[in-house]
file final.pdb (PDB, C-alpha atoms)
MODEL        1
ATOM      1  CA  MET A   1     -12.344 -14.693  73.643
ATOM      2  CA  ALA A   2     -15.428 -12.713  72.600
ATOM      3  CA  PHE A   3     -16.731  -9.196  72.039
ATOM      4  CA  ILE A   4     -20.424  -8.286  72.354
ATOM      5  CA  THR A   5     -21.765  -4.934  71.142
ATOM      6  CA  ILE A   6     -25.056  -3.712  72.597
ATOM      7  CA  THR A   7     -26.779  -1.015  70.581
ATOM      8  CA  GLY A   8     -30.157   0.699  70.555
ATOM      9  CA  TYR A   9     -32.025   3.972  71.008
ATOM     10  CA  PRO A  10     -31.204   6.081  74.067
ATOM     11  CA  SER A  11     -33.172   4.923  77.146
ATOM     12  CA  SER A  12     -34.300   1.756  75.342
ATOM     13  CA  GLY A  13     -33.154  -0.586  78.133
ATOM     14  CA  LYS A  14     -29.629  -1.432  76.962
ATOM     15  CA  THR A  15     -28.108  -1.431  80.443
ATOM     16  CA  ARG A  16     -30.801  -3.799  81.728
ATOM     17  CA  ARG A  17     -30.032  -6.183  78.861
ATOM     18  CA  ALA A  18     -26.284  -5.890  79.556
ATOM     19  CA  GLU A  19     -26.894  -6.798  83.221
ATOM     20  CA  GLN A  20     -29.061  -9.780  82.224
ATOM     21  CA  LEU A  21     -26.456 -10.959  79.728
ATOM     22  CA  CYS A  22     -23.573 -10.543  82.181
ATOM     23  CA  ALA A  23     -25.442 -12.516  84.871
ATOM     24  CA  HIS A  24     -26.271 -15.348  82.450
ATOM     25  CA  LEU A  25     -22.709 -15.597  81.124
ATOM     26  CA  GLU A  26     -21.146 -15.606  84.591
ATOM     27  CA  SER A  27     -23.617 -18.269  85.717
ATOM     28  CA  ARG A  28     -22.765 -20.537  82.780
ATOM     29  CA  LEU A  29     -19.025 -20.031  83.218
ATOM     30  CA  GLN A  30     -19.297 -21.084  86.872
ATOM     31  CA  ASP A  31     -21.548 -24.058  86.147
ATOM     32  CA  SER A  32     -19.993 -27.464  86.854
ATOM     33  CA  SER A  33     -20.926 -28.673  83.360
ATOM     34  CA  TYR A  34     -18.790 -25.978  81.694
ATOM     35  CA  ALA A  35     -15.516 -27.514  80.503
ATOM     36  CA  GLY A  36     -14.067 -24.609  78.501
ATOM     37  CA  PRO A  37     -11.251 -22.184  79.329
ATOM     38  CA  LYS A  38     -11.393 -19.970  82.405
ATOM     39  CA  LEU A  39     -13.020 -16.691  81.376
ATOM     40  CA  LYS A  40     -14.173 -13.460  82.946
ATOM     41  CA  VAL A  41     -16.995 -11.159  81.853
ATOM     42  CA  VAL A  42     -16.344  -7.405  81.690
ATOM     43  CA  VAL A  43     -18.915  -4.695  80.944
ATOM     44  CA  VAL A  44     -17.589  -1.425  79.503
ATOM     45  CA  SER A  45     -20.141   1.387  79.655
ATOM     46  CA  ASP A  46     -20.555   5.157  79.698
ATOM     47  CA  ASP A  47     -21.550   4.990  83.361
ATOM     48  CA  GLY A  48     -18.491   2.932  84.265
ATOM     49  CA  LEU A  49     -16.254   5.527  82.577
ATOM     50  CA  ASN A  50     -18.123   8.446  84.204
ATOM     51  CA  ILE A  51     -19.242   9.769  80.824
ATOM     52  CA  PRO A  52     -22.317  11.933  81.460
ATOM     53  CA  ARG A  53     -25.323  11.945  79.121
ATOM     54  CA  THR A  54     -24.692  15.644  78.490
ATOM     55  CA  VAL A  55     -21.780  14.827  76.142
ATOM     56  CA  TYR A  56     -24.369  13.821  73.557
ATOM     57  CA  ASP A  57     -25.729  17.376  73.593
ATOM     58  CA  ASP A  58     -22.646  18.577  71.708
ATOM     59  CA  GLY A  59     -20.808  16.782  68.900
ATOM     60  CA  ARG A  60     -17.501  18.320  69.971
ATOM     61  CA  ALA A  61     -17.823  16.761  73.435
ATOM     62  CA  GLU A  62     -19.158  13.472  72.114
ATOM     63  CA  LYS A  63     -16.094  12.705  69.975
ATOM     64  CA  PRO A  64     -13.526  12.526  72.835
ATOM     65  CA  ALA A  65     -16.064  10.589  74.942
ATOM     66  CA  ARG A  66     -16.381   8.000  72.176
ATOM     67  CA  ALA A  67     -12.579   7.835  71.947
ATOM     68  CA  ALA A  68     -12.377   7.168  75.699
ATOM     69  CA  LEU A  69     -14.928   4.361  75.334
ATOM     70  CA  PHE A  70     -12.967   2.809  72.466
ATOM     71  CA  THR A  71      -9.723   2.963  74.445
ATOM     72  CA  ALA A  72     -11.362   1.276  77.424
ATOM     73  CA  VAL A  73     -12.788  -1.443  75.162
ATOM     74  CA  GLN A  74      -9.383  -2.144  73.610
ATOM     75  CA  ARG A  75      -7.775  -2.316  77.050
ATOM     76  CA  GLN A  76     -10.154  -5.110  78.105
ATOM     77  CA  MET A  77      -9.922  -7.215  74.944
ATOM     78  CA  GLY A  78      -8.137 -10.528  75.424
ATOM     79  CA  GLN A  79      -8.354 -14.281  74.995
ATOM     80  CA  ASP A  80      -9.501 -14.711  78.621
ATOM     81  CA  THR A  81     -12.296 -12.128  78.544
ATOM     82  CA  ILE A  82     -15.833 -11.725  77.225
ATOM     83  CA  VAL A  83     -16.244  -7.972  76.716
ATOM     84  CA  ILE A  84     -19.716  -6.416  76.663
ATOM     85  CA  VAL A  85     -19.841  -2.801  75.503
ATOM     86  CA  ASP A  86     -22.971  -1.098  76.852
ATOM     87  CA  SER A  87     -23.375   2.233  75.092
ATOM     88  CA  LEU A  88     -25.442   3.870  72.345
ATOM     89  CA  ASN A  89     -23.105   2.586  69.594
ATOM     90  CA  TYR A  90     -25.466   4.288  67.178
ATOM     91  CA  ILE A  91     -22.854   5.048  64.481
ATOM     92  CA  LYS A  92     -22.127   2.103  62.188
ATOM     93  CA  GLY A  93     -18.602   3.437  61.562
ATOM     94  CA  PHE A  94     -17.858   3.198  65.290
ATOM     95  CA  ARG A  95     -19.261  -0.331  65.453
ATOM     96  CA  TYR A  96     -17.003  -1.217  62.516
ATOM     97  CA  GLN A  97     -13.998   0.306  64.305
ATOM     98  CA  MET A  98     -14.632  -1.872  67.357
ATOM     99  CA  TYR A  99     -15.197  -4.905  65.098
ATOM    100  CA  CYS A 100     -11.764  -4.348  63.504
ATOM    101  CA  ALA A 101     -10.158  -4.141  66.949
ATOM    102  CA  ALA A 102     -11.874  -7.396  67.927
ATOM    103  CA  ARG A 103     -10.593  -9.102  64.771
ATOM    104  CA  GLU A 104      -7.093  -7.880  65.532
ATOM    105  CA  HIS A 105      -7.345  -9.613  68.927
ATOM    106  CA  LYS A 106      -8.878 -12.715  67.240
ATOM    107  CA  LEU A 107     -12.141 -12.535  69.212
ATOM    108  CA  ARG A 108     -15.566 -13.904  68.384
ATOM    109  CA  VAL A 109     -18.096 -11.119  67.873
ATOM    110  CA  CYS A 110     -21.848 -10.573  67.981
ATOM    111  CA  THR A 111     -24.257  -7.637  68.205
ATOM    112  CA  ILE A 112     -27.378  -7.252  70.351
ATOM    113  CA  PHE A 113     -29.955  -4.766  69.028
ATOM    114  CA  VAL A 114     -32.201  -3.595  71.887
ATOM    115  CA  VAL A 115     -35.451  -2.461  70.244
ATOM    116  CA  ALA A 116     -37.982  -0.016  71.679
ATOM    117  CA  THR A 117     -40.247   2.546  70.048
ATOM    118  CA  HIS A 118     -39.385   6.224  70.043
ATOM    119  CA  GLU A 119     -42.366   7.026  72.231
ATOM    120  CA  GLN A 120     -41.501   4.274  74.704
ATOM    121  CA  CYS A 121     -37.925   5.604  74.985
ATOM    122  CA  LYS A 122     -39.198   9.135  75.597
ATOM    123  CA  GLU A 123     -41.508   7.863  78.338
ATOM    124  CA  TRP A 124     -38.767   5.835  80.048
ATOM    125  CA  ASN A 125     -36.309   8.724  79.761
ATOM    126  CA  ALA A 126     -38.756  11.170  81.365
ATOM    127  CA  SER A 127     -39.367   8.790  84.289
ATOM    128  CA  ARG A 128     -35.690   8.261  85.162
ATOM    129  CA  GLN A 129     -34.763   9.218  88.703
ATOM    130  CA  ASP A 130     -31.033   8.410  88.587
ATOM    131  CA  GLY A 131     -29.884  11.693  87.055
ATOM    132  CA  GLN A 132     -28.866   9.918  83.824
ATOM    133  CA  ALA A 133     -31.718  11.149  81.649
ATOM    134  CA  TYR A 134     -31.086  12.663  78.228
ATOM    135  CA  ALA A 135     -32.333  16.132  77.371
ATOM    136  CA  PRO A 136     -35.563  15.679  75.342
ATOM    137  CA  GLU A 137     -34.133  17.406  72.271
ATOM    138  CA  THR A 138     -30.933  15.329  72.508
ATOM    139  CA  LEU A 139     -32.924  12.093  72.651
ATOM    140  CA  ASP A 140     -34.935  13.088  69.572
ATOM    141  CA  ASN A 141     -31.734  14.035  67.734
ATOM    142  CA  LEU A 142     -30.010  10.740  68.604
ATOM    143  CA  VAL A 143     -33.028   8.721  67.485
ATOM    144  CA  MET A 144     -33.098  10.616  64.191
ATOM    145  CA  ARG A 145     -29.373   9.964  63.603
ATOM    146  CA  TYR A 146     -29.430   6.333  64.744
ATOM    147  CA  GLU A 147     -27.978   3.883  62.206
ATOM    148  CA  GLU A 148     -29.648   0.515  62.703
ATOM    149  CA  PRO A 149     -27.465  -2.598  62.678
ATOM    150  CA  SER A 150     -27.929  -5.083  59.872
ATOM    151  CA  SER A 151     -27.251  -8.814  59.754
ATOM    152  CA  MET A 152     -26.171  -8.300  56.123
ATOM    153  CA  VAL A 153     -22.910  -6.579  57.124
ATOM    154  CA  ARG A 154     -20.066  -8.488  58.728
ATOM    155  CA  TRP A 155     -19.433  -6.079  61.625
ATOM    156  CA  ASP A 156     -23.020  -6.390  62.941
ATOM    157  CA  SER A 157     -23.383 -10.139  62.531
ATOM    158  CA  PRO A 158     -24.382 -12.403  64.080
ATOM    159  CA  LEU A 159     -27.169 -10.015  65.096
ATOM    160  CA  PHE A 160     -29.651 -10.711  67.907
ATOM    161  CA  THR A 161     -32.711  -8.458  68.119
ATOM    162  CA  VAL A 162     -34.283  -8.080  71.576
ATOM    163  CA  PRO A 163     -37.672  -6.226  71.608
ATOM    164  CA  TRP A 164     -38.760  -4.308  74.698
ATOM    165  CA  THR A 165     -41.565  -6.856  75.167
ATOM    166  CA  ASP A 166     -39.105  -9.735  75.749
ATOM    167  CA  LYS A 167     -38.394 -10.485  79.384
ATOM    168  CA  ASP A 168     -34.868 -11.758  78.780
ATOM    169  CA  VAL A 169     -32.073 -11.989  76.203
ATOM    170  CA  PRO A 170     -31.741 -15.067  73.924
ATOM    171  CA  ILE A 171     -28.890 -16.420  76.018
ATOM    172  CA  ASP A 172     -28.696 -19.845  74.316
ATOM    173  CA  ASP A 173     -28.025 -18.309  70.890
ATOM    174  CA  ILE A 174     -25.631 -15.702  72.303
ATOM    175  CA  TRP A 175     -23.726 -18.334  74.304
ATOM    176  CA  LYS A 176     -23.273 -20.408  71.156
ATOM    177  CA  ALA A 177     -22.025 -17.352  69.225
ATOM    178  CA  VAL A 178     -19.424 -16.363  71.838
ATOM    179  CA  THR A 179     -18.160 -19.896  72.544
ATOM    180  CA  GLU A 180     -18.517 -21.680  69.197
ATOM    181  CA  GLY A 181     -18.697 -18.926  66.593
ATOM    182  CA  ASN A 182     -16.094 -18.430  63.875
ATOM    183  CA  VAL A 183     -12.991 -16.415  64.741
ATOM    184  CA  LYS A 184     -12.177 -14.272  61.721
ATOM    185  CA  PRO A 185      -8.457 -13.640  61.186
ATOM    186  CA  PRO A 186      -7.222 -10.046  61.144
ATOM    187  CA  ASN A 187      -7.018  -8.567  57.663
ATOM    188  CA  ALA A 188      -4.394  -6.199  56.276
ATOM    189  CA  GLY A 189      -6.369  -3.201  57.474
ATOM    190  CA  THR A 190      -6.316  -4.338  61.101
ATOM    191  CA  GLN A 191      -2.758  -5.612  61.379
ATOM    192  CA  ALA A 192      -0.036  -3.481  62.916
ATOM    193  CA  VAL A 193       2.732  -2.647  60.470
ATOM    194  CA  PRO A 194       6.182  -3.710  61.726
ATOM    195  CA  LYS A 195       8.447  -0.726  62.229
ATOM    196  CA  ALA A 196      12.200  -0.559  61.790
ATOM    197  CA  PRO A 197      14.480   0.241  64.763
ATOM    198  CA  THR A 198      15.315   3.895  65.363
ATOM    199  CA  ASP A 199      18.906   3.549  64.087
ATOM    200  CA  ALA A 200      17.971   1.686  60.889
ATOM    201  CA  LEU A 201      18.290   4.745  58.654
ATOM    202  CA  ARG A 202      21.774   5.558  59.954
ATOM    203  CA  THR A 203      22.858   1.907  59.600
ATOM    204  CA  LEU A 204      21.527   1.802  56.022
ATOM    205  CA  GLU A 205      23.386   4.949  54.976
ATOM    206  CA  HIS A 206      26.633   4.047  56.774
ATOM    207  CA  THR A 207      26.772   0.436  55.525
ATOM    208  CA  THR A 208      26.141   1.270  51.867
ATOM    209  CA  THR A 209      28.655   4.153  51.904
ATOM    210  CA  THR A 210      31.308   1.920  53.489
ATOM    211  CA  MET A 211      30.662  -0.811  50.915
ATOM    212  CA  VAL A 212      31.079   1.573  47.971
ATOM    213  CA  ALA A 213      34.410   2.773  49.366
ATOM    214  CA  ALA A 214      35.552  -0.830  50.061
ATOM    215  CA  ILE A 215      34.677  -1.970  46.525
ATOM    216  CA  MET A 216      36.654   0.903  45.018
ATOM    217  CA  ALA A 217      39.651   0.071  47.251
ATOM    218  CA  GLU A 218      39.562  -3.661  46.396
ATOM    219  CA  GLN A 219      39.191  -2.914  42.714
ATOM    220  CA  SER A 220      42.200  -0.575  42.802
ATOM    221  CA  ALA A 221      44.287  -3.216  44.562
ATOM    222  CA  SER A 222      43.355  -6.001  42.104
ATOM    223  CA  GLY A 223      43.708  -3.880  38.970
ATOM    224  CA  GLY A 224      40.083  -4.228  37.915
ATOM    225  CA  LEU A 225      40.155  -7.980  37.182
ATOM    226  CA  GLY A 226      36.643  -8.484  38.583
ATOM    227  CA  GLY A 227      35.367 -11.741  40.044
ATOM    228  CA  PRO A 228      34.417 -12.482  43.665
ATOM    229  CA  VAL A 229      35.559  -9.885  46.201
ATOM    230  CA  THR A 230      35.234 -10.164  49.973
ATOM    231  CA  LEU A 231      34.715  -6.825  51.722
ATOM    232  CA  SER A 232      35.867  -6.488  55.326
ATOM    233  CA  LEU A 233      33.438  -3.929  56.718
ATOM    234  CA  SER A 234      33.747  -5.011  60.349
ATOM    235  CA  ALA A 235      34.639  -8.016  62.470
ATOM    236  CA  THR A 236      31.176  -9.538  61.882
ATOM    237  CA  SER A 237      30.246  -8.162  58.461
ATOM    238  CA  LYS A 238      32.199  -9.531  55.492
ATOM    239  CA  PRO A 239      29.900  -9.492  52.446
ATOM    240  CA  ARG A 240      30.980 -11.108  49.182
ATOM    241  CA  VAL A 241      30.385  -9.372  45.827
ATOM    242  CA  ASN A 242      30.921 -10.685  42.291
ATOM    243  CA  LEU A 243      32.209  -7.811  40.139
ATOM    244  CA  PRO A 244      32.258  -7.770  36.321
ATOM    245  CA  PRO A 245      35.673  -8.138  34.563
ATOM    246  CA  ARG A 246      36.107  -4.416  34.054
ATOM    247  CA  ASN A 247      36.666  -1.240  36.011
ATOM    248  CA  VAL A 248      33.470  -0.287  37.847
ATOM    249  CA  THR A 249      33.277   3.485  38.154
ATOM    250  CA  LEU A 250      32.474   5.348  41.349
ATOM    251  CA  SER A 251      29.508   7.031  39.662
ATOM    252  CA  GLU A 252      27.977   3.606  38.881
ATOM    253  CA  LEU A 253      28.253   2.480  42.485
ATOM    254  CA  GLN A 254      26.906   5.766  43.847
ATOM    255  CA  ARG A 255      23.926   5.548  41.500
ATOM    256  CA  LEU A 256      23.136   2.022  42.688
ATOM    257  CA  LYS A 257      23.615   3.111  46.292
ATOM    258  CA  ARG A 258      21.115   5.986  45.863
ATOM    259  CA  GLN A 259      18.536   3.653  44.310
ATOM    260  CA  PHE A 260      18.995   1.028  47.027
ATOM    261  CA  VAL A 261      18.791   3.573  49.862
ATOM    262  CA  THR A 262      15.707   5.284  48.385
ATOM    263  CA  VAL A 263      13.761   2.015  48.190
ATOM    264  CA  HIS A 264      14.691   0.938  51.725
ATOM    265  CA  LYS A 265      14.084   4.374  53.224
ATOM    266  CA  LYS A 266      10.385   3.978  52.395
ATOM    267  CA  ALA A 267      10.281   0.656  54.219
ATOM    268  CA  ILE A 268      11.948   2.239  57.244
ATOM    269  CA  THR A 269       9.771   5.365  57.466
ATOM    270  CA  LEU A 270       6.412   3.883  56.392
ATOM    271  CA  GLY A 271       6.802   0.337  57.685
ATOM    272  CA  THR A 272       7.052  -2.875  55.707
ATOM    273  CA  THR A 273       4.330  -5.289  54.607
ATOM    274  CA  GLU A 274       6.697  -8.279  54.658
ATOM    275  CA  LYS A 275       5.597 -11.129  56.926
ATOM    276  CA  GLY A 276       7.669 -11.674  60.031
ATOM    277  CA  ALA A 277      10.371  -9.472  61.507
ATOM    278  CA  VAL A 278      12.651  -7.607  59.114
ATOM    279  CA  ASP A 279      16.379  -7.627  59.883
ATOM    280  CA  TRP A 280      17.887  -4.137  59.697
ATOM    281  CA  SER A 281      21.310  -5.145  61.037
ATOM    282  CA  GLU A 282      24.557  -4.142  59.304
ATOM    283  CA  GLU A 283      25.157  -7.715  58.124
ATOM    284  CA  SER A 284      21.695  -8.050  56.590
ATOM    285  CA  ILE A 285      21.874  -4.674  54.819
ATOM    286  CA  ALA A 286      25.342  -5.476  53.487
ATOM    287  CA  ASP A 287      24.208  -8.833  52.062
ATOM    288  CA  LYS A 288      21.143  -7.249  50.427
ATOM    289  CA  PHE A 289      23.223  -4.428  48.917
ATOM    290  CA  ALA A 290      25.777  -6.932  47.597
ATOM    291  CA  MET A 291      22.988  -8.859  45.835
ATOM    292  CA  TYR A 292      21.560  -5.591  44.492
ATOM    293  CA  ILE A 293      24.959  -4.573  43.053
ATOM    294  CA  GLU A 294      25.491  -7.964  41.399
ATOM    295  CA  SER A 295      22.057  -7.948  39.755
ATOM    296  CA  ASN A 296      22.228  -4.337  38.537
ATOM    297  CA  LEU A 297      25.863  -3.854  37.412
ATOM    298  CA  LYS A 298      26.302  -4.226  33.652
ATOM    299  CA  PRO A 299      28.915  -6.840  32.534
TER     300      PRO A 299
ENDMDL
END

call {"tool": "encode", "arguments": {"input": "final.pdb", "output": "structure tokens"}}
result
Amino acid sequence: MAFITITGYPSSGKTRRAEQLCAHLESRLQDSSYAGPKLKVVVVSDDGLNIPRTVYDDGRAEKPARAALFTAVQRQMGQDTIVIVDSLNYIKGFRYQMYCAAREHKLRVCTIFVVATHEQCKEWNASRQDGQAYAPETLDNLVMRYEEPSSMVRWDSPLFTVPWTDKDVPIDDIWKAVTEGNVKPPNAGTQAVPKAPTDALRTLEHTTTTMVAAIMAEQSASGGLGGPVTLSLSATSKPRVNLPPRNVTLSELQRLKRQFVTVHKKAITLGTTEKGAVDWSEESIADKFAMYIESNLKP
């Protein structure tokens, strides 16, 4: 349904804003005037995943922690869920990665930028009594490396800025964004590439080899008259090939077979960009190879 990214300096009040937002959304979803689909609100956060603040002291520890957060976010994405991700999200590349995942799931997106001054964050961090404070040098480092969101880029928009002086989040604007905003379709970079079945390569090689042998046998039996030839490969596969009125040599057929197999091997190993499911059955491969032979054999 929707994906909401909360970002801001460390100890800037992001969790408080996430709690306010979650309470408002749940209240509106339960209101008798709401006539939309049944939805749930889920908050994914460092605290909920037991990721300690100390991971931000070391870049090597931070990377797997960010991967765990991303995995948890993907697991919650769905058409019946409003996902709120409450974390630093200070790297624009990571925000873009989550945006791409949201587009793949066809979710509405928005970003909430929780704003507080560096000095205010340091003061709040020093006064924390919950054991979740950042080391002072880590906080300064994270503030220095923070990449502010921008409404000019698609993965941060629509962008809602919430200063530390505001008592609450702009729930009316956020509600409109998550319930009425545009749903952007997944692009080529976010779509999963269809993969061929595990036996596709063996079927490709076996079918083309069998067809070459069958063509040579039919040609020998007919005396090289050419014309339409029906090949009985199996009980279900009987492709039809139009041969030229001459003797087709084995070397010609083997050359065409190598070319055909090489092209289709790439589609099998790397995936295909064709829309819809691709048929890698013996019958489909045989029909495609028959068409390839007809269009590439010289008269």

call {"tool": "closest_residue", "arguments": {"input": "final.pdb", "among": "A:Ala133, A:Val55, A:Ala67, A:Ile4", "to": "Val85 in chain A", "atoms": "all atoms listed in the file"}}
result
A:Ile4

call {"tool": "closest_atom_pairs", "arguments": {"input": "final.pdb", "of": "range 73-149 of chain A", "to": "range 153-170 of chain A", "cutoff": "6 Å", "atoms": "only C-alpha atoms", "output": "JSON lines"}}
result
{"residue": "A:Tyr96", "atom": "CA", "partner": "A:Trp155", "partner_atom": "CA", "distance": 5.5}
{"residue": "A:Tyr99", "atom": "CA", "partner": "A:Trp155", "partner_atom": "CA", "distance": 5.6}
{"residue": "A:Cys110", "atom": "CA", "partner": "A:Pro158", "partner_atom": "CA", "distance": 5.0}
{"residue": "A:Thr111", "atom": "CA", "partner": "A:Leu159", "partner_atom": "CA", "distance": 4.9}
{"residue": "A:Ile112", "atom": "CA", "partner": "A:Phe160", "partner_atom": "CA", "distance": 4.8}
{"residue": "A:Phe113", "atom": "CA", "partner": "A:Thr161", "partner_atom": "CA", "distance": 4.7}
{"residue": "A:Val114", "atom": "CA", "partner": "A:Val162", "partner_atom": "CA", "distance": 5.0}
{"residue": "A:Val115", "atom": "CA", "partner": "A:Pro163", "partner_atom": "CA", "distance": 4.6}
{"residue": "A:Ala116", "atom": "CA", "partner": "A:Trp164", "partner_atom": "CA", "distance": 5.3}
{"residue": "A:Pro149", "atom": "CA", "partner": "A:Asp156", "partner_atom": "CA", "distance": 5.8}

call {"tool": "write_last_selection", "arguments": {"input": "final.pdb", "atoms": "C-alpha atoms", "output": "mmCIF file, in the frame of the given file"}}
result
data_model
loop_
_atom_site.group_PDB
_atom_site.id
_atom_site.type_symbol
_atom_site.label_atom_id
_atom_site.label_comp_id
_atom_site.auth_asym_id
_atom_site.auth_seq_id
_atom_site.Cartn_x
_atom_site.Cartn_y
_atom_site.Cartn_z
ATOM 1 C CA TYR A 96 -17.003 -1.217 62.516
ATOM 2 C CA TYR A 99 -15.197 -4.905 65.098
ATOM 3 C CA CYS A 110 -21.848 -10.573 67.981
ATOM 4 C CA THR A 111 -24.257 -7.637 68.205
ATOM 5 C CA ILE A 112 -27.378 -7.252 70.351
ATOM 6 C CA PHE A 113 -29.955 -4.766 69.028
ATOM 7 C CA VAL A 114 -32.201 -3.595 71.887
ATOM 8 C CA VAL A 115 -35.451 -2.461 70.244
ATOM 9 C CA ALA A 116 -37.982 -0.016 71.679
ATOM 10 C CA PRO A 149 -27.465 -2.598 62.678
#

call {"tool": "closest_residue", "arguments": {"input": "final.pdb", "among": "A:Ser251, A:Asp47, A:Tyr56, A:Pro185", "to": "Glu104 in chain A", "atoms": "only C-alpha atoms"}}
result
A:Pro185

call {"tool": "residues_around", "arguments": {"input": "final.pdb", "residues": "Ser232 in chain A", "least_positions_apart": "2", "cutoff": "12 Å", "atoms": "only C-alpha atoms", "output": "NGL selection string"}}
result
:A and (207 or 210-215 or 217-218 or 229-230 or 234-241 or 283 or 286)

call {"tool": "atom_distance", "arguments": {"input": "final.pdb", "atom1": "CA of Phe70 in chain A", "atom2": "CA of Leu49 in chain A"}}
result
11.0 Å

call {"tool": "residues_around", "arguments": {"input": "final.pdb", "residues": "Asp199 in chain A", "least_positions_apart": "4", "cutoff": "12 Å", "atoms": "only C-alpha atoms", "output": "list in words"}}
result
Lys195, Thr203, Leu204, Glu205, His206, Lys265, Ile268, Thr269, Trp280, Ser281 and Glu282 of chain A

call {"tool": "atom_distance", "arguments": {"input": "final.pdb", "atom1": "CA of Ile82 in chain A", "atom2": "CA of Thr7 in chain A"}}
result
16.7 Å

call {"tool": "resolve_selection", "arguments": {"input": "final.pdb", "expression": "the PyMOL selection byres ((chain A and resi 124) around 10)", "output": "list in words"}}
result
Pro10, Ser11, Ser12, Gly13, Glu119, Gln120, Cys121, Lys122, Glu123, Asn125, Ala126, Ser127, Arg128 and Ala133 of chain A

call {"tool": "closest_residue", "arguments": {"input": "final.pdb", "among": "A:Glu148, A:Pro52, A:Pro136, A:His24", "to": "Ile174 in chain A", "atoms": "only C-alpha atoms"}}
result
A:His24

call {"tool": "atom_distance", "arguments": {"input": "final.pdb", "atom1": "CA of Arg258 in chain A", "atom2": "CA of Ser284 in chain A"}}
result
17.7 Å

call {"tool": "resolve_selection", "arguments": {"input": "final.pdb", "expression": "the PyMOL selection byres ((chain A and resi 66) around 10)", "output": "PDB file with C-alpha atoms, keeping the file's coordinate frame"}}
result
ATOM      1  CA  ASP A  46     -20.555   5.157  79.698  1.00  0.00           C
ATOM      2  CA  ILE A  51     -19.242   9.769  80.824  1.00  0.00           C
ATOM      3  CA  VAL A  55     -21.780  14.827  76.142  1.00  0.00           C
ATOM      4  CA  TYR A  56     -24.369  13.821  73.557  1.00  0.00           C
ATOM      5  CA  ALA A  61     -17.823  16.761  73.435  1.00  0.00           C
ATOM      6  CA  GLU A  62     -19.158  13.472  72.114  1.00  0.00           C
ATOM      7  CA  LYS A  63     -16.094  12.705  69.975  1.00  0.00           C
ATOM      8  CA  PRO A  64     -13.526  12.526  72.835  1.00  0.00           C
ATOM      9  CA  ALA A  65     -16.064  10.589  74.942  1.00  0.00           C
ATOM     10  CA  ALA A  67     -12.579   7.835  71.947  1.00  0.00           C
ATOM     11  CA  ALA A  68     -12.377   7.168  75.699  1.00  0.00           C
ATOM     12  CA  LEU A  69     -14.928   4.361  75.334  1.00  0.00           C
ATOM     13  CA  PHE A  70     -12.967   2.809  72.466  1.00  0.00           C
ATOM     14  CA  THR A  71      -9.723   2.963  74.445  1.00  0.00           C
ATOM     15  CA  ALA A  72     -11.362   1.276  77.424  1.00  0.00           C
ATOM     16  CA  SER A  87     -23.375   2.233  75.092  1.00  0.00           C
ATOM     17  CA  LEU A  88     -25.442   3.870  72.345  1.00  0.00           C
ATOM     18  CA  ASN A  89     -23.105   2.586  69.594  1.00  0.00           C
ATOM     19  CA  PHE A  94     -17.858   3.198  65.290  1.00  0.00           C
TER      20      PHE A  94
END

call {"tool": "residues_near_point", "arguments": {"input": "final.pdb", "point": "(36.9, -3.5, 38.3)", "cutoff": "10 Å", "atoms": "all atoms listed in the file", "output": "PDB file with C-alpha atoms, keeping the file's coordinate frame"}}
result
ATOM      1  CA  ILE A 215      34.677  -1.970  46.525  1.00  0.00           C
ATOM      2  CA  MET A 216      36.654   0.903  45.018  1.00  0.00           C
ATOM      3  CA  GLU A 218      39.562  -3.661  46.396  1.00  0.00           C
ATOM      4  CA  GLN A 219      39.191  -2.914  42.714  1.00  0.00           C
ATOM      5  CA  SER A 220      42.200  -0.575  42.802  1.00  0.00           C
ATOM      6  CA  ALA A 221      44.287  -3.216  44.562  1.00  0.00           C
ATOM      7  CA  SER A 222      43.355  -6.001  42.104  1.00  0.00           C
ATOM      8  CA  GLY A 223      43.708  -3.880  38.970  1.00  0.00           C
ATOM      9  CA  GLY A 224      40.083  -4.228  37.915  1.00  0.00           C
ATOM     10  CA  LEU A 225      40.155  -7.980  37.182  1.00  0.00           C
ATOM     11  CA  GLY A 226      36.643  -8.484  38.583  1.00  0.00           C
ATOM     12  CA  GLY A 227      35.367 -11.741  40.044  1.00  0.00           C
ATOM     13  CA  LEU A 243      32.209  -7.811  40.139  1.00  0.00           C
ATOM     14  CA  PRO A 244      32.258  -7.770  36.321  1.00  0.00           C
ATOM     15  CA  PRO A 245      35.673  -8.138  34.563  1.00  0.00           C
ATOM     16  CA  ARG A 246      36.107  -4.416  34.054  1.00  0.00           C
ATOM     17  CA  ASN A 247      36.666  -1.240  36.011  1.00  0.00           C
ATOM     18  CA  VAL A 248      33.470  -0.287  37.847  1.00  0.00           C
ATOM     19  CA  THR A 249      33.277   3.485  38.154  1.00  0.00           C
TER      20      THR A 249
END

call {"tool": "closest_residue", "arguments": {"input": "final.pdb", "among": "A:Asp86, A:Glu26, A:Glu252, A:Asp57", "to": "Asp140 in chain A", "atoms": "all atoms listed in the file"}}
result
A:Asp57

call {"tool": "closest_residue", "arguments": {"input": "final.pdb", "among": "A:Val42, A:Leu256, A:Cys22, A:Leu201", "to": "Ile293 in chain A", "atoms": "all atoms listed in the file"}}
result
A:Leu256

call {"tool": "closest_residue", "arguments": {"input": "final.pdb", "among": "A:Tyr9, A:Cys100, A:Thr81, A:Gln254", "to": "Met144 in chain A", "atoms": "all atoms listed in the file"}}
result
A:Tyr9

call {"tool": "residues_around", "arguments": {"input": "final.pdb", "residues": "Tyr90 in chain A", "least_positions_apart": "3", "cutoff": "7 Å", "atoms": "all atoms listed in the file", "output": "list in words"}}
result
Thr7, Gly8, Tyr146 and Glu147 of chain A

call {"tool": "residues_around", "arguments": {"input": "final.pdb", "residues": "Tyr34 in chain A", "least_positions_apart": "5", "cutoff": "12 Å", "atoms": "all atoms listed in the file", "output": "compact mmCIF listing (two decimals) with C-alpha atoms, in the coordinates of the input"}}
result
# COMPACT_ATOMS: atom_id res chain seq x y z
CA LEU A 25 -22.71 -15.60 81.12
CA GLU A 26 -21.15 -15.61 84.59
CA SER A 27 -23.62 -18.27 85.72
CA ARG A 28 -22.76 -20.54 82.78
CA LEU A 29 -19.02 -20.03 83.22
CA LEU A 39 -13.02 -16.69 81.38
CA TRP A 175 -23.73 -18.33 74.30
CA THR A 179 -18.16 -19.90 72.54
